[in-house]
Each structure stands twice: as structure tokens, then as C-alpha cells.
Amino acid sequence: MTQIELLYDGNLVIGFNMEGHAQYNVNGPDILCSSLSTSSQMTLNGILDWTGLSIEEVVKEYNTVKGILNIEVPKPFYENVTVQQLFKTFTMFIEQLEHQYIDNIKIERRQKE
């Protein structure tokens with residue numbers, strides 16, 4: 001199962017922690033895991049391109065074997081409308097997948113402390 005924790009500062013998304021493999025198809029390519037990986041990488045790349053931040057400034061942990069990608073955009077960059085739109089699009093996509101594949105994806109939301 002892939003667990004995704006969306007991180008918030010108030011109502012603004014500031015990052016996410018993604019961990020685990022979806023294990024939707026154990027006998028071949030896992031299209032669900034690939035979808036999650038692709039959407040998270042696209043979101044990250046869009047944020048890096050738009051903000052000019054380096055990958056080291058945004059990615060907190062990355063491990064393909066364990067299926068981990070943890071990102072957090074520093075303030076004031078996450079307050080940007082475009083960054084929020086990228087996060088919103090990502091959130092909408094993973095929520096749709098969670099609805100379809102409830103046994104494979106779990107989304108939680110947490111306010112940053």
C-alpha cells in the first residue's frame with residue numbers, strides 16, 4: 001500500500017510524504033504505482049522549475065526501493081499561486097486514485113507543526 005501524507009500550513013499545501021508501493025499488480029508492471037510515481041515527479045519538477053529552487057532544497061527523502069518521496073517547499077515559495085495549483089492538481093489526481101483503489105492507496109492530511 002502507498003501511504004501519502006499531505007502537509008499543510010493552514011489551508012496551503014506545503015509538501016507531501018509518499019511511502020510504499022501500491023502492489024496493485026504483483027505479476028507485472030504496476031500501473032498504479034507508476035501513476036503515483038509519475039504524478040509526484042511531475043509535481044516536483046513543476047515546483048522546481050517554477051520556483052528555481054534546487055532539488056536539495058525541496059526533497060527531504062528519496063528512495064525508489066522503498067517507494068519513498070518526501071518533499072517540502074520552503075516558505076515563502078509555497079505561498080505562490082502556481083505552486084498551490086501544482087499541489088492542487090496532484091491532490092485531485094491522487095484522491096481520484098484513492099477512491100478507485102481504496103485497498104492500495106491511503107491519503108492523510110496533517111498540519112505542519
# chains A, B, ... in the order shown; residues from 1 in each chain; ligands from 1

$ select_by_dssp --residues "stretch 6-60 of chain A" --states "strand (DSSP E)" --output "NGL selection string"
:A and (6-9 or 12-19 or 59-60)

$ write_last_selection --atoms "N, CA, C and O atoms" --output "compact mmCIF listing (two decimals), in the first residue's frame"
# COMPACT_ATOMS: atom_id res chain seq x y z
N LEU A 6 -0.31 14.48 3.08
CA LEU A 6 -0.25 15.84 2.57
C LEU A 6 0.02 16.78 3.74
O LEU A 6 -0.66 16.71 4.76
N LEU A 7 1.01 17.63 3.59
CA LEU A 7 1.41 18.56 4.65
C LEU A 7 0.84 19.94 4.37
O LEU A 7 0.93 20.44 3.24
N TYR A 8 0.28 20.55 5.40
CA TYR A 8 -0.38 21.85 5.26
C TYR A 8 0.18 22.87 6.24
O TYR A 8 0.61 22.53 7.33
N ASP A 9 0.12 24.13 5.81
CA ASP A 9 0.28 25.28 6.68
C ASP A 9 -1.03 26.04 6.52
O ASP A 9 -1.23 26.73 5.51
N LEU A 12 -2.84 25.95 2.99
CA LEU A 12 -1.88 25.83 1.91
C LEU A 12 -1.11 24.52 2.00
O LEU A 12 -0.59 24.17 3.07
N VAL A 13 -1.03 23.81 0.89
CA VAL A 13 -0.21 22.59 0.85
C VAL A 13 1.24 23.02 0.76
O VAL A 13 1.59 23.89 -0.05
N ILE A 14 2.08 22.42 1.60
CA ILE A 14 3.49 22.78 1.58
C ILE A 14 4.38 21.61 1.17
O ILE A 14 5.56 21.77 0.94
N GLY A 15 3.78 20.42 1.07
CA GLY A 15 4.56 19.26 0.66
C GLY A 15 3.78 17.98 0.86
O GLY A 15 2.59 18.00 1.17
N PHE A 16 4.47 16.88 0.65
CA PHE A 16 3.85 15.57 0.88
C PHE A 16 4.93 14.54 1.20
O PHE A 16 6.09 14.69 0.84
N ASN A 17 4.49 13.52 1.92
CA ASN A 17 5.31 12.34 2.21
C ASN A 17 4.63 11.15 1.57
O ASN A 17 3.47 10.86 1.89
N MET A 18 5.31 10.50 0.67
CA MET A 18 4.76 9.33 -0.03
C MET A 18 5.65 8.14 0.30
O MET A 18 6.88 8.23 0.16
N GLU A 19 5.03 7.05 0.73
CA GLU A 19 5.83 5.88 1.09
C GLU A 19 5.08 4.60 0.75
O GLU A 19 3.88 4.48 0.97
N VAL A 59 13.52 18.27 -1.72
CA VAL A 59 13.38 16.84 -1.43
C VAL A 59 14.04 16.53 -0.09
O VAL A 59 15.23 16.78 0.11
N LYS A 60 13.25 15.99 0.82
CA LYS A 60 13.74 15.64 2.15
C LYS A 60 14.20 14.19 2.21
O LYS A 60 15.10 13.85 2.97

$ residues_around --residues "A:Thr91" --least-positions-apart "3" --cutoff "12 Å" --atoms "only C-alpha atoms" --output "list of chain:residue names"
A:Ile4, A:Glu5, A:Leu6, A:Leu7, A:Leu12, A:Val13, A:Ile14, A:Gly15, A:Phe16, A:Leu36, A:Ser39, A:Ser40, A:Thr43, A:Gln84, A:Gln85, A:Leu86, A:Phe87, A:Lys88, A:Ile94, A:Glu95, A:Gln96, A:Leu97, A:Glu98, A:Ile107, A:Glu108, A:Arg109

$ closest_residue --among "A:Tyr62, A:Ile47, A:Asn25, A:Gln100" --to "A:Pro74" --atoms "only C-alpha atoms"
A:Ile47

$ select_by_dssp --residues "chain A" --states "alpha helix (DSSP H)" --output "MDAnalysis selection string"
chainID A and resid 31:51 55:58 81:100

$ residues_around --residues "A:Lys66" --least-positions-apart "4" --cutoff "12 Å" --atoms "only C-alpha atoms" --output "count of residues only"
12

$ closest_residue --among "A:Ile71, A:Asn11, A:Gln23, A:Thr38" --to "A:Ile102" --atoms "only C-alpha atoms"
A:Gln23

$ atom_distance --atom1 "atom CA of A:Phe77" --atom2 "atom CA of A:Gly10"
14.8 Å

$ residues_around --residues "A:Thr51" --least-positions-apart "3" --cutoff "9 Å" --atoms "only C-alpha atoms" --output "PyMOL selection string"
chain A and resi 46-48+54+77+80+83

$ write_last_selection --atoms "C-alpha atoms" --output "PDB file, in the first residue's frame"
ATOM      1  CA  GLY A  46       6.971  21.753 -11.902  1.00  0.00           C
ATOM      2  CA  ILE A  47       7.696  23.236  -8.484  1.00  0.00           C
ATOM      3  CA  LEU A  48      11.456  23.178  -9.069  1.00  0.00           C
ATOM      4  CA  SER A  54      17.221  23.137  -6.153  1.00  0.00           C
ATOM      5  CA  PHE A  77       7.696  29.698  -2.135  1.00  0.00           C
ATOM      6  CA  ASN A  80       2.873  31.143  -4.638  1.00  0.00           C
ATOM      7  CA  VAL A  83       2.889  26.199  -6.595  1.00  0.00           C
TER       8      VAL A  83
END

$ atom_distance --atom1 "atom CA of A:Ile31" --atom2 "atom CA of A:Met92"
18.1 Å
